[in-house]
>>> print(open('start-v5.cif').read())   # mmCIF, C-alpha atoms
data_final
#
loop_
_atom_site.label_atom_id
_atom_site.label_comp_id
_atom_site.auth_asym_id
_atom_site.auth_seq_id
_atom_site.Cartn_x
_atom_site.Cartn_y
_atom_site.Cartn_z
CA MET A 1 -8.47 42.69 35.24
CA ARG A 2 -9.87 45.32 32.93
CA PRO A 3 -12.09 43.90 30.18
CA GLU A 4 -10.19 45.86 27.53
CA ASN A 5 -7.18 43.63 28.09
CA ALA A 6 -7.14 40.06 26.77
CA ILE A 7 -3.97 39.35 28.74
CA GLU A 8 -2.61 40.99 31.85
CA CYS A 9 0.58 40.00 33.62
CA HIS A 10 1.49 41.86 36.73
CA GLN A 11 4.92 41.53 38.35
CA VAL A 12 5.27 37.94 37.21
CA SER A 13 8.44 36.16 38.29
CA LYS A 14 9.77 32.67 37.76
CA ARG A 15 13.15 31.44 38.92
CA TYR A 16 15.03 28.56 37.31
CA PRO A 17 18.57 27.49 38.27
CA ASN A 18 20.06 29.41 35.33
CA PHE A 19 17.34 31.86 34.43
CA HIS A 20 15.19 34.40 36.19
CA LEU A 21 12.04 35.89 34.73
CA ASP A 22 12.02 39.12 36.67
CA HIS A 23 8.78 40.93 37.55
CA ILE A 24 7.22 40.97 34.09
CA ASP A 25 4.41 43.42 33.37
CA LEU A 26 2.46 42.85 30.19
CA GLU A 27 -0.89 44.09 28.92
CA VAL A 28 -2.35 42.93 25.63
CA PRO A 29 -5.43 44.99 24.70
CA THR A 30 -8.40 43.09 23.25
CA GLY A 31 -8.44 43.33 19.46
CA SER A 32 -4.76 44.06 19.14
CA VAL A 33 -1.76 42.21 17.81
CA MET A 34 1.15 42.10 20.21
CA GLY A 35 4.59 41.21 18.91
CA PHE A 36 6.86 39.73 21.51
CA VAL A 37 10.53 40.10 20.63
CA GLY A 38 13.79 39.24 22.32
CA PRO A 39 16.98 37.25 21.85
CA ASN A 40 17.18 33.50 22.50
CA GLY A 41 16.89 32.80 26.19
CA ALA A 42 15.31 36.18 26.94
CA GLY A 43 12.24 34.57 28.51
CA LYS A 44 9.74 34.76 25.64
CA SER A 45 8.70 31.11 25.70
CA THR A 46 8.63 30.99 29.49
CA THR A 47 6.32 34.00 29.55
CA LEU A 48 4.04 32.47 26.90
CA ARG A 49 3.94 29.19 28.81
CA ILE A 50 2.96 31.03 31.98
CA ILE A 51 0.21 32.82 30.07
CA MET A 52 -0.99 29.45 28.78
CA GLY A 53 -0.96 27.96 32.28
CA LEU A 54 1.69 25.42 31.24
CA VAL A 55 4.23 26.75 33.72
CA ARG A 56 3.37 27.92 37.21
CA HIS A 57 4.85 31.30 38.10
CA ASP A 58 6.50 31.83 41.50
CA SER A 59 4.84 35.18 42.12
CA GLY A 60 2.74 37.85 40.47
CA GLU A 61 -0.66 37.70 38.78
CA VAL A 62 -1.70 36.49 35.36
CA ALA A 63 -5.18 36.94 33.91
CA VAL A 64 -6.15 35.68 30.46
CA LEU A 65 -9.57 36.57 29.02
CA GLY A 66 -10.69 37.35 32.55
CA ASN A 67 -9.46 34.06 33.99
CA THR A 68 -6.85 33.84 36.69
CA MET A 69 -4.02 31.61 35.58
CA PRO A 70 -3.19 28.86 36.17
CA ARG A 71 -6.23 28.27 38.44
CA GLN A 72 -8.88 28.94 35.77
CA GLN A 73 -6.89 27.64 32.84
CA ILE A 74 -9.59 25.23 31.67
CA ALA A 75 -12.05 28.08 31.10
CA ALA A 76 -9.35 30.22 29.50
CA LYS A 77 -8.20 27.52 27.12
CA ARG A 78 -11.65 27.12 25.59
CA GLU A 79 -11.01 30.47 23.97
CA ILE A 80 -7.30 30.23 23.18
CA GLY A 81 -5.61 28.80 20.12
CA HIS A 82 -2.00 28.05 20.90
CA VAL A 83 0.82 27.09 18.57
CA SER A 84 4.37 26.59 19.75
CA GLU A 85 7.52 25.08 18.34
CA ASP A 86 7.51 22.11 20.69
CA MET A 87 3.98 21.05 19.80
CA ARG A 88 3.78 17.45 18.62
CA LEU A 89 1.30 15.79 16.29
CA TYR A 90 0.96 12.01 16.00
CA PRO A 91 3.55 11.05 13.37
CA GLY A 92 1.66 7.97 12.12
CA GLN A 93 -1.67 9.75 11.77
CA THR A 94 -3.00 11.96 8.98
CA ILE A 95 -3.91 15.63 9.00
CA ALA A 96 -7.57 14.61 8.65
CA PHE A 97 -7.26 12.48 11.81
CA HIS A 98 -5.99 15.49 13.74
CA MET A 99 -8.76 17.70 12.40
CA ASP A 100 -11.41 15.16 13.43
CA PHE A 101 -9.76 14.80 16.81
CA MET A 102 -9.71 18.56 17.36
CA ARG A 103 -13.32 18.92 16.23
CA SER A 104 -14.34 16.33 18.82
CA ILE A 105 -12.67 18.05 21.80
CA VAL A 106 -12.97 21.80 21.22
CA PRO A 107 -16.10 23.87 21.94
CA PHE A 108 -16.21 25.32 18.41
CA TRP A 109 -14.84 24.21 15.07
CA ASP A 110 -15.41 25.91 11.71
CA ASP A 111 -15.44 23.15 9.07
CA LYS A 112 -15.59 25.51 6.14
CA TYR A 113 -12.71 27.65 7.38
CA ALA A 114 -10.69 24.49 8.10
CA ALA A 115 -11.27 23.28 4.53
CA ASP A 116 -10.33 26.71 3.14
CA LEU A 117 -7.16 26.71 5.19
CA LEU A 118 -6.22 23.25 3.93
CA GLY A 119 -6.40 24.59 0.40
CA ARG A 120 -4.63 27.87 1.06
CA PHE A 121 -1.85 26.14 3.01
CA GLY A 122 -1.52 23.47 0.31
CA LEU A 123 -2.06 20.64 2.80
CA VAL A 124 -3.45 17.25 1.82
CA PRO A 125 -5.82 15.73 4.45
CA ASP A 126 -4.69 12.14 3.81
CA GLN A 127 -1.06 12.96 4.31
CA LYS A 128 0.64 11.46 7.35
CA ILE A 129 2.39 13.82 9.75
CA LYS A 130 5.73 11.99 9.50
CA GLY A 131 5.86 12.80 5.77
CA LEU A 132 5.41 16.54 6.26
CA SER A 133 8.10 19.19 6.01
CA HIS A 134 8.71 21.54 8.94
CA GLY A 135 6.69 24.26 7.22
CA GLN A 136 3.77 21.92 6.56
CA ARG A 137 3.77 20.81 10.18
CA VAL A 138 3.67 24.41 11.40
CA LYS A 139 0.84 25.14 8.99
CA ALA A 140 -1.06 22.05 10.18
CA CYS A 141 -0.72 23.26 13.79
CA LEU A 142 -1.86 26.75 12.81
CA LEU A 143 -4.85 25.28 11.01
CA MET A 144 -5.90 23.46 14.21
CA ALA A 145 -5.66 26.69 16.17
CA LEU A 146 -7.29 28.99 13.60
CA ALA A 147 -10.24 26.74 12.68
CA ARG A 148 -11.44 27.02 16.27
CA ARG A 149 -11.82 30.78 15.74
CA PRO A 150 -10.69 31.44 19.30
CA LYS A 151 -10.79 34.86 20.93
CA LEU A 152 -7.09 34.72 21.64
CA LEU A 153 -4.29 33.29 19.52
CA VAL A 154 -0.93 32.68 21.14
CA PHE A 155 1.81 31.82 18.67
CA ASP A 156 5.33 31.04 19.79
CA GLU A 157 7.66 31.68 16.83
CA PRO A 158 5.07 30.93 14.14
CA THR A 159 7.31 31.90 11.22
CA THR A 160 10.67 30.58 12.41
CA GLY A 161 12.33 28.24 9.94
CA LEU A 162 9.76 28.87 7.22
CA ASP A 163 10.44 29.91 3.66
CA PRO A 164 9.17 33.34 2.50
CA VAL A 165 6.10 31.88 0.80
CA ALA A 166 4.97 29.97 3.90
CA ARG A 167 5.70 33.02 6.06
CA GLN A 168 3.54 35.15 3.81
CA GLU A 169 0.70 32.60 3.99
CA ILE A 170 0.78 32.72 7.76
CA ILE A 171 0.88 36.52 7.82
CA GLU A 172 -2.15 36.54 5.53
CA GLU A 173 -4.12 34.35 7.91
CA MET A 174 -3.11 36.54 10.86
CA SER A 175 -4.26 39.57 8.86
CA ALA A 176 -7.63 37.95 8.29
CA VAL A 177 -8.08 37.51 12.06
CA VAL A 178 -7.41 41.21 12.63
CA VAL A 179 -10.65 42.23 10.86
CA ASP A 180 -12.53 41.11 13.96
CA GLU A 181 -12.07 43.64 16.76
CA ASP A 182 -12.79 41.09 19.49
CA ARG A 183 -9.91 38.84 18.55
CA THR A 184 -6.43 39.21 19.92
CA ILE A 185 -3.08 37.82 18.83
CA LEU A 186 0.06 37.49 20.88
CA PHE A 187 3.01 36.16 18.92
CA SER A 188 6.70 35.89 19.58
CA SER A 189 9.24 36.02 16.82
CA HIS A 190 12.87 36.40 15.94
CA ASN A 191 11.76 37.76 12.63
CA THR A 192 11.63 41.46 13.38
CA GLN A 193 10.27 42.21 9.91
CA ASP A 194 7.14 40.12 10.59
CA VAL A 195 6.72 41.75 13.97
CA GLU A 196 7.18 45.24 12.53
CA GLN A 197 4.62 44.55 9.84
CA MET A 198 1.94 42.86 11.93
CA SER A 199 2.06 44.29 15.45
CA ASP A 200 0.05 47.07 17.00
CA ARG A 201 2.19 46.90 20.10
CA ILE A 202 5.67 45.56 20.63
CA THR A 203 7.06 44.12 23.83
CA PHE A 204 10.77 43.72 23.96
CA ILE A 205 12.18 41.29 26.51
CA ASN A 206 15.83 40.75 27.30
CA GLY A 207 17.53 38.77 30.07
CA GLY A 208 14.22 38.01 31.78
CA SER A 209 13.06 41.65 31.96
CA VAL A 210 10.73 43.71 29.82
CA LEU A 211 12.78 46.50 28.24
CA PHE A 212 9.73 48.23 26.82
CA SER A 213 6.15 47.53 25.79
CA ARG A 214 4.87 50.19 23.46
CA ASP A 215 2.61 51.25 20.63
CA LYS A 216 4.49 50.19 17.48
CA GLU A 217 4.09 53.49 15.63
CA ASP A 218 5.18 55.55 18.65
CA LEU A 219 8.18 53.30 19.13
CA MET A 220 9.27 53.41 15.49
CA ASP A 221 8.61 57.14 15.31
CA GLY A 222 10.84 57.88 18.28
CA TRP A 223 13.97 56.30 16.87
CA ARG A 224 16.09 58.12 14.30
CA ARG A 225 19.61 58.02 12.98
CA ILE A 226 20.80 61.59 12.36
CA ARG A 227 23.79 62.36 10.17
CA LEU A 228 25.58 65.65 10.68
CA GLN A 229 28.45 67.54 9.13
CA VAL A 230 30.25 69.25 11.96
CA PRO A 231 33.16 71.71 12.22
CA ASP A 232 36.41 70.82 14.00
CA GLY A 233 36.07 71.02 17.76
CA PHE A 234 32.29 70.60 17.62
CA GLU A 235 30.72 69.61 20.88
CA LEU A 236 27.43 67.78 20.71
CA PRO A 237 24.90 69.28 23.12
CA GLY A 238 23.41 66.70 25.46
CA PHE A 239 19.71 65.89 25.07
CA PRO A 240 17.32 63.25 26.36
CA GLY A 241 17.06 60.08 24.30
CA LEU A 242 20.57 60.20 22.88
CA VAL A 243 21.46 56.54 22.49
CA SER A 244 24.77 56.52 20.62
CA VAL A 245 27.23 58.87 18.94
CA GLN A 246 29.84 57.94 16.36
CA ARG A 247 32.22 60.51 14.98
CA ASN A 248 34.52 60.01 12.03
CA GLY A 249 36.33 63.15 10.81
CA ARG A 250 33.75 65.80 10.12
CA LEU A 251 30.87 63.38 9.92
CA LEU A 252 28.92 62.59 13.03
CA VAL A 253 26.21 59.94 13.28
CA LEU A 254 23.95 59.81 16.28
CA VAL A 255 21.01 57.64 17.24
CA THR A 256 18.16 58.90 19.36
CA SER A 257 15.15 57.10 20.80
CA GLN A 258 13.23 60.36 21.40
CA TYR A 259 13.21 62.14 18.08
CA HIS A 260 11.18 65.33 17.66
CA GLN A 261 11.17 67.90 14.91
CA ASN A 262 12.92 70.61 16.94
CA LEU A 263 15.93 68.36 17.23
CA GLU A 264 17.07 69.15 13.70
CA GLN A 265 17.04 72.87 14.44
CA MET A 266 18.76 72.36 17.76
CA LEU A 267 21.58 70.38 16.13
CA SER A 268 22.01 72.74 13.17
CA GLN A 269 23.81 75.40 15.17
CA GLY A 270 26.75 77.35 13.80
CA GLU A 271 28.57 75.40 11.14
CA ALA A 272 26.99 72.09 12.04
CA SER A 273 24.32 70.92 9.63
CA VAL A 274 22.04 67.92 9.52
CA THR A 275 22.51 66.04 6.26
CA ALA A 276 20.12 63.15 6.80
CA ILE A 277 17.51 61.88 9.21
CA GLU A 278 16.76 58.19 8.84
CA ARG A 279 14.22 55.91 10.41
CA LEU A 280 15.46 52.68 11.97
CA THR A 281 14.07 49.25 11.31
CA LEU A 282 12.79 47.30 14.29
CA GLU A 283 15.83 45.06 13.88
CA GLU A 284 18.17 48.02 14.30
CA ILE A 285 16.21 49.30 17.30
CA PHE A 286 16.34 45.83 18.77
CA LEU A 287 20.11 45.43 18.26
CA THR A 288 20.88 48.93 19.53
CA SER A 289 18.73 48.40 22.62
CA VAL A 290 20.48 45.13 23.44
CA SER A 291 23.98 46.59 23.03
CA VAL A 292 23.17 49.76 25.00
CA ARG A 293 21.67 47.61 27.71
CA LYS A 294 24.86 45.54 27.86
CA GLU A 295 26.96 48.69 28.29
CA LEU A 296 24.70 49.87 31.10
CA VAL A 297 25.04 46.54 32.87
CA GLN A 298 28.82 46.43 32.60
CA MET B 1 -18.25 58.83 -9.77
CA ASN B 2 -15.58 56.23 -9.48
CA THR B 3 -17.12 53.63 -7.22
CA HIS B 4 -14.73 50.81 -8.01
CA PHE B 5 -11.56 52.01 -6.47
CA ASP B 6 -9.24 49.14 -5.62
CA TRP B 7 -7.75 49.72 -2.19
CA LYS B 8 -4.89 47.30 -2.69
CA LEU B 9 -2.17 49.84 -2.27
CA VAL B 10 1.33 48.52 -2.86
CA LEU B 11 3.60 49.04 0.11
CA SER B 12 7.33 48.51 0.14
CA GLN B 13 9.42 47.13 2.97
CA ALA B 14 12.49 48.71 1.40
CA ASP B 15 10.99 52.21 1.25
CA GLU B 16 12.61 54.58 3.74
CA ARG B 17 9.22 56.06 4.54
CA ALA B 18 7.20 54.52 7.34
CA MET B 19 4.34 52.23 6.31
CA TYR B 20 1.71 54.72 7.50
CA GLN B 21 3.44 57.43 5.48
CA GLN B 22 3.36 55.26 2.36
CA ILE B 23 -0.36 54.66 2.85
CA MET B 24 -0.97 58.42 3.23
CA ASP B 25 1.18 59.32 0.26
CA GLN B 26 -0.50 56.81 -2.03
CA ILE B 27 -4.01 57.84 -1.06
CA HIS B 28 -2.97 61.46 -1.48
CA GLN B 29 -1.60 60.67 -4.91
CA HIS B 30 -4.82 58.93 -5.95
CA VAL B 31 -6.77 62.00 -4.85
CA VAL B 32 -4.45 64.31 -6.80
CA LEU B 33 -4.76 62.08 -9.88
CA GLY B 34 -8.53 62.02 -9.61
CA ASP B 35 -8.81 58.26 -8.96
CA LEU B 36 -10.35 59.00 -5.61
CA LEU B 37 -13.13 61.57 -5.60
CA SER B 38 -14.60 63.60 -2.78
CA GLY B 39 -17.16 61.61 -0.88
CA THR B 40 -15.60 58.22 -1.65
CA LYS B 41 -15.84 56.02 1.41
CA LEU B 42 -12.61 54.57 2.75
CA PRO B 43 -12.49 50.98 4.03
CA SER B 44 -12.63 50.64 7.79
CA ILE B 45 -9.26 50.73 9.52
CA ARG B 46 -9.40 47.00 10.22
CA GLU B 47 -10.44 46.15 6.67
CA LEU B 48 -7.60 48.12 5.13
CA ALA B 49 -5.10 46.71 7.63
CA SER B 50 -6.21 43.21 6.70
CA MET B 51 -6.04 43.97 2.97
CA LEU B 52 -2.58 45.49 3.15
CA LYS B 53 -1.32 42.98 5.72
CA VAL B 54 -0.12 45.64 8.08
CA SER B 55 -1.11 46.32 11.66
CA VAL B 56 -4.28 48.14 12.64
CA ILE B 57 -2.24 50.78 14.45
CA THR B 58 -0.39 51.61 11.20
CA VAL B 59 -3.60 52.27 9.28
CA LYS B 60 -5.07 54.12 12.25
CA ARG B 61 -2.07 56.40 12.24
CA ALA B 62 -2.39 57.05 8.48
CA TYR B 63 -6.11 57.89 8.85
CA LEU B 64 -5.41 60.23 11.79
CA GLU B 65 -2.74 62.10 9.87
CA MET B 66 -4.93 62.36 6.76
CA GLU B 67 -7.77 63.66 8.89
CA ARG B 68 -5.42 66.23 10.40
CA SER B 69 -4.30 67.38 6.96
CA GLY B 70 -7.93 67.58 5.82
CA ILE B 71 -7.78 65.03 3.04
CA ILE B 72 -10.32 62.76 4.68
CA VAL B 73 -13.08 63.27 7.21
CA THR B 74 -13.98 60.72 9.84
CA GLN B 75 -17.31 60.39 11.57
CA HIS B 76 -16.84 58.47 14.73
CA GLY B 77 -18.41 55.03 14.51
CA LYS B 78 -19.49 55.57 10.89
CA GLY B 79 -16.33 55.63 8.86
CA SER B 80 -14.08 57.89 6.80
CA TRP B 81 -14.63 59.63 3.47
CA VAL B 82 -12.46 61.58 1.07
CA ALA B 83 -13.12 65.19 2.09
CA GLU B 84 -15.45 67.44 0.10
CA GLY B 85 -14.19 70.50 -1.69
CA LEU B 86 -10.63 69.33 -2.13
CA ASP B 87 -8.80 71.47 -4.62
CA ARG B 88 -6.72 69.10 -6.71
CA ARG B 89 -4.70 71.93 -8.14
CA GLN B 90 -3.89 73.14 -4.65
CA LEU B 91 -2.86 69.66 -3.55
CA GLN B 92 -0.52 69.46 -6.53
CA GLN B 93 0.75 72.95 -5.71
CA GLU B 94 1.56 71.78 -2.16
CA GLU B 95 3.41 68.78 -3.51
CA LEU B 96 5.44 70.98 -5.85
CA GLU B 97 6.21 73.33 -3.00
CA GLY B 98 7.56 70.46 -0.95
CA HIS B 99 9.97 69.46 -3.70
CA LEU B 100 11.09 73.07 -4.23
CA LYS B 101 11.67 73.58 -0.51
CA ARG B 102 13.89 70.52 -0.36
CA ALA B 103 15.80 71.67 -3.45
CA ALA B 104 16.26 75.13 -1.93
CA LYS B 105 17.56 73.67 1.32
CA LEU B 106 20.01 71.39 -0.45
CA ALA B 107 21.24 74.33 -2.57
CA ALA B 108 21.73 76.42 0.57
CA ASP B 109 23.72 73.58 2.18
CA MET B 110 25.87 73.52 -0.96
CA ASN B 111 26.26 77.32 -0.98
CA ILE B 112 24.59 77.59 -4.38
CA THR B 113 23.16 81.05 -5.06
CA SER B 114 19.51 81.49 -5.96
CA ALA B 115 20.46 82.60 -9.47
CA GLU B 116 22.51 79.44 -9.97
CA LEU B 117 19.70 77.30 -8.63
CA ALA B 118 17.21 78.97 -10.94
CA ALA B 119 19.54 78.39 -13.88
CA GLN B 120 19.87 74.73 -12.98
CA LEU B 121 16.12 74.34 -12.66
CA LYS B 122 15.64 75.94 -16.07
CA LYS B 123 17.76 73.20 -17.65
CA HIS B 124 15.12 70.67 -16.55
CA ILE B 125 12.18 72.57 -18.02
CA LYS B 126 11.26 71.23 -21.41
CA SER B 127 10.31 74.23 -23.48
#
>>> encode(input="start-v5.cif", output="structure tokens")
Amino acid sequence: MRPENAIECHQVSKRYPNFHLDHIDLEVPTGSVMGFVGPNGAGKSTTLRIIMGLVRHDSGEVAVLGNTMPRQQIAAKREIGHVSEDMRLYPGQTIAFHMDFMRSIVPFWDDKYAADLLGRFGLVPDQKIKGLSHGQRVKACLLMALARRPKLLVFDEPTTGLDPVARQEIIEEMSAVVVDEDRTILFSSHNTQDVEQMSDRITFINGGSVLFSRDKEDLMDGWRRIRLQVPDGFELPGFPGLVSVQRNGRLLVLVTSQYHQNLEQMLSQGEASVTAIERLTLEEIFLTSVSVRKELVQ
Amino acid sequence: MNTHFDWKLVLSQADERAMYQQIMDQIHQHVVLGDLLSGTKLPSIRELASMLKVSVITVKRAYLEMERSGIIVTQHGKGSWVAEGLDRRQLQQEELEGHLKRAAKLAADMNITSAELAAQLKKHIKS
């Protein structure tokens, strides 16, 4: 494992009766935020569990902060803060109880940061877990992970089911972590807007395979929707990266994943003219990739 | 010298421009308006990313592009500053040129003659 990567997965596979995680490669550079996106059942949680040493992979190699997983998971977990949807707190106990409990078992705990987080998240220490809303529970779990100031944060769907205010609070805390260049975040999400905003790199997983894992800006920069006015009988020249073409009368709309500035000139031949070039949101890239993939499979 | 520049730029999710482009455009605008003077130090990439709640790579990209266009200078390991000797008038001129170019292209697409375009522009000039 190269020290510049906080996480490295190499050809990792795991077979379940109805699901196959198929030779996953994943590199998360130290100091970066990796957004992990994919539809339900794509293998996001399975991959995160393998990274956390909670699920044993059938084959391939996983290294987290220089530790081979799952063999060296105890050493790795000293430095990882993990929050996932299926995490349970003791319903009859208070938030303060959980904070004391965490402080007693983890190698490092920042009391001041924990107190600040309580305030910013609007949590009351004496409150019992069973009385908390979903959002408050998620925030309580995040507090436990963040107050440890771990080198690596692994969040499985941290913003799912939260209202916009709570989502913003969580994004703010993730942003605060980013100031430190030694700290790394890997988070999965259905919320493509959060991923687009927060990630340095984006890994897109679908049907147990990684579709791509790329620099966010390069990825977003490559995709464009181009609108053209074309004459009758116009034939679109073929070019690499053409993802979809839709023609309706004299208007033609195409989507490319490999946009470059010469493309406009190339398409504006004869009577054809480019009327608009639009960027795509991550959500649109995501949906297009899934549908194109389906067509390729069929 | 304006030493109290507030770096809390306001970015929009609904803007069609990319986030890094919005960051560049707003810094550019502050330079043109004289809010940001030559020699003003920019926050580190990580600091600005954290302030704006966007990814480090987004701010990195904005800084790279601004360095390329000469609006800021970066000294590796030390930081970035608003470039010396920036001609505000020239920056404004470039901005104007961009608008005019787009107008000219649109007019050409619409088969509007240059005389017609000039006449239309004149209507918008308050004398």
>>> atom_distance(input="start-v5.cif", atom1="atom CA of Glu264 of chain A", atom2="atom CA of Ala119 of chain B")
29.2 Å
>>> atom_distance(input="start-v5.cif", atom1="atom CA of His4 of chain B", atom2="atom CA of Ala176 of chain A")
21.9 Å
>>> closest_residue(input="start-v5.cif", among="B:Ile112, B:Ala107, B:Leu96, B:Ile27", to="Ile72 of chain B", atoms="only C-alpha atoms")
B:Ile27
>>> closest_residue(input="start-v5.cif", among="B:Gln13, B:Ser80, B:Gln22, B:Gln29", to="Ile45 of chain B", atoms="only C-alpha atoms")
B:Ser80
>>> atom_distance(input="start-v5.cif", atom1="atom CA of Thr275 of chain A", atom2="atom CA of Glu94 of chain B")
23.3 Å
>>> residues_around(input="start-v5.cif", residues="Met69 of chain A", least_positions_apart="2", cutoff="10 Å", atoms="all atoms listed in the file", output="count of residues only")
22
>>> interface_residues(input="start-v5.cif", of="chain B", to="chain A", cutoff="8 Å", atoms="only C-alpha atoms", output="PDB file with C-alpha atoms, in the coordinates of the input")
ATOM      1  CA  GLU B  16      12.610  54.580   3.740  1.00  0.00           C
ATOM      2  CA  ARG B  17       9.220  56.060   4.540  1.00  0.00           C
ATOM      3  CA  ALA B  18       7.200  54.520   7.340  1.00  0.00           C
ATOM      4  CA  ARG B  46      -9.400  47.000  10.220  1.00  0.00           C
ATOM      5  CA  GLU B  47     -10.440  46.150   6.670  1.00  0.00           C
ATOM      6  CA  ALA B  49      -5.100  46.710   7.630  1.00  0.00           C
ATOM      7  CA  SER B  50      -6.210  43.210   6.700  1.00  0.00           C
ATOM      8  CA  MET B  51      -6.040  43.970   2.970  1.00  0.00           C
ATOM      9  CA  LYS B  53      -1.320  42.980   5.720  1.00  0.00           C
ATOM     10  CA  VAL B  54      -0.120  45.640   8.080  1.00  0.00           C
ATOM     11  CA  SER B  55      -1.110  46.320  11.660  1.00  0.00           C
ATOM     12  CA  VAL B  56      -4.280  48.140  12.640  1.00  0.00           C
ATOM     13  CA  ILE B  57      -2.240  50.780  14.450  1.00  0.00           C
ATOM     14  CA  THR B  58      -0.390  51.610  11.200  1.00  0.00           C
ATOM     15  CA  ARG B  61      -2.070  56.400  12.240  1.00  0.00           C
ATOM     16  CA  ASP B 109      23.720  73.580   2.180  1.00  0.00           C
TER      17      ASP B 109
END
>>> resolve_selection(input="start-v5.cif", expression="the PyMOL selection byres ((chain A and resi 126) around 8)", output="PyMOL selection string")
chain A and resi 94-96+124-125+127-128
>>> resolve_selection(input="start-v5.cif", expression="the PyMOL selection byres ((chain B and resi 32-40) around 10)", output="PyMOL selection string")
chain B and resi 1-6+26-31+41-43+71-73+80-92+95
>>> residues_near_point(input="start-v5.cif", point="(27.8, 58.0, 16.4)", cutoff="10 Å", atoms="all atoms listed in the file", output="NGL selection string")
:A and (225-228 or 242-248 or 251-255)
>>> resolve_selection(input="start-v5.cif", expression="the PyMOL selection byres ((chain A and resi 166) around 12)", output="mmCIF file with C-alpha atoms, keeping the file's coordinate frame")
data_model
loop_
_atom_site.group_PDB
_atom_site.id
_atom_site.type_symbol
_atom_site.label_atom_id
_atom_site.label_comp_id
_atom_site.auth_asym_id
_atom_site.auth_seq_id
_atom_site.Cartn_x
_atom_site.Cartn_y
_atom_site.Cartn_z
ATOM 1 C CA ARG A 120 -4.630 27.870 1.060
ATOM 2 C CA PHE A 121 -1.850 26.140 3.010
ATOM 3 C CA GLY A 122 -1.520 23.470 0.310
ATOM 4 C CA LEU A 123 -2.060 20.640 2.800
ATOM 5 C CA SER A 133 8.100 19.190 6.010
ATOM 6 C CA HIS A 134 8.710 21.540 8.940
ATOM 7 C CA GLY A 135 6.690 24.260 7.220
ATOM 8 C CA GLN A 136 3.770 21.920 6.560
ATOM 9 C CA ARG A 137 3.770 20.810 10.180
ATOM 10 C CA VAL A 138 3.670 24.410 11.400
ATOM 11 C CA LYS A 139 0.840 25.140 8.990
ATOM 12 C CA ALA A 140 -1.060 22.050 10.180
ATOM 13 C CA LEU A 142 -1.860 26.750 12.810
ATOM 14 C CA PRO A 158 5.070 30.930 14.140
ATOM 15 C CA THR A 159 7.310 31.900 11.220
ATOM 16 C CA THR A 160 10.670 30.580 12.410
ATOM 17 C CA GLY A 161 12.330 28.240 9.940
ATOM 18 C CA LEU A 162 9.760 28.870 7.220
ATOM 19 C CA ASP A 163 10.440 29.910 3.660
ATOM 20 C CA PRO A 164 9.170 33.340 2.500
ATOM 21 C CA VAL A 165 6.100 31.880 0.800
ATOM 22 C CA ARG A 167 5.700 33.020 6.060
ATOM 23 C CA GLN A 168 3.540 35.150 3.810
ATOM 24 C CA GLU A 169 0.700 32.600 3.990
ATOM 25 C CA ILE A 170 0.780 32.720 7.760
ATOM 26 C CA ILE A 171 0.880 36.520 7.820
ATOM 27 C CA GLU A 172 -2.150 36.540 5.530
ATOM 28 C CA GLU A 173 -4.120 34.350 7.910
#
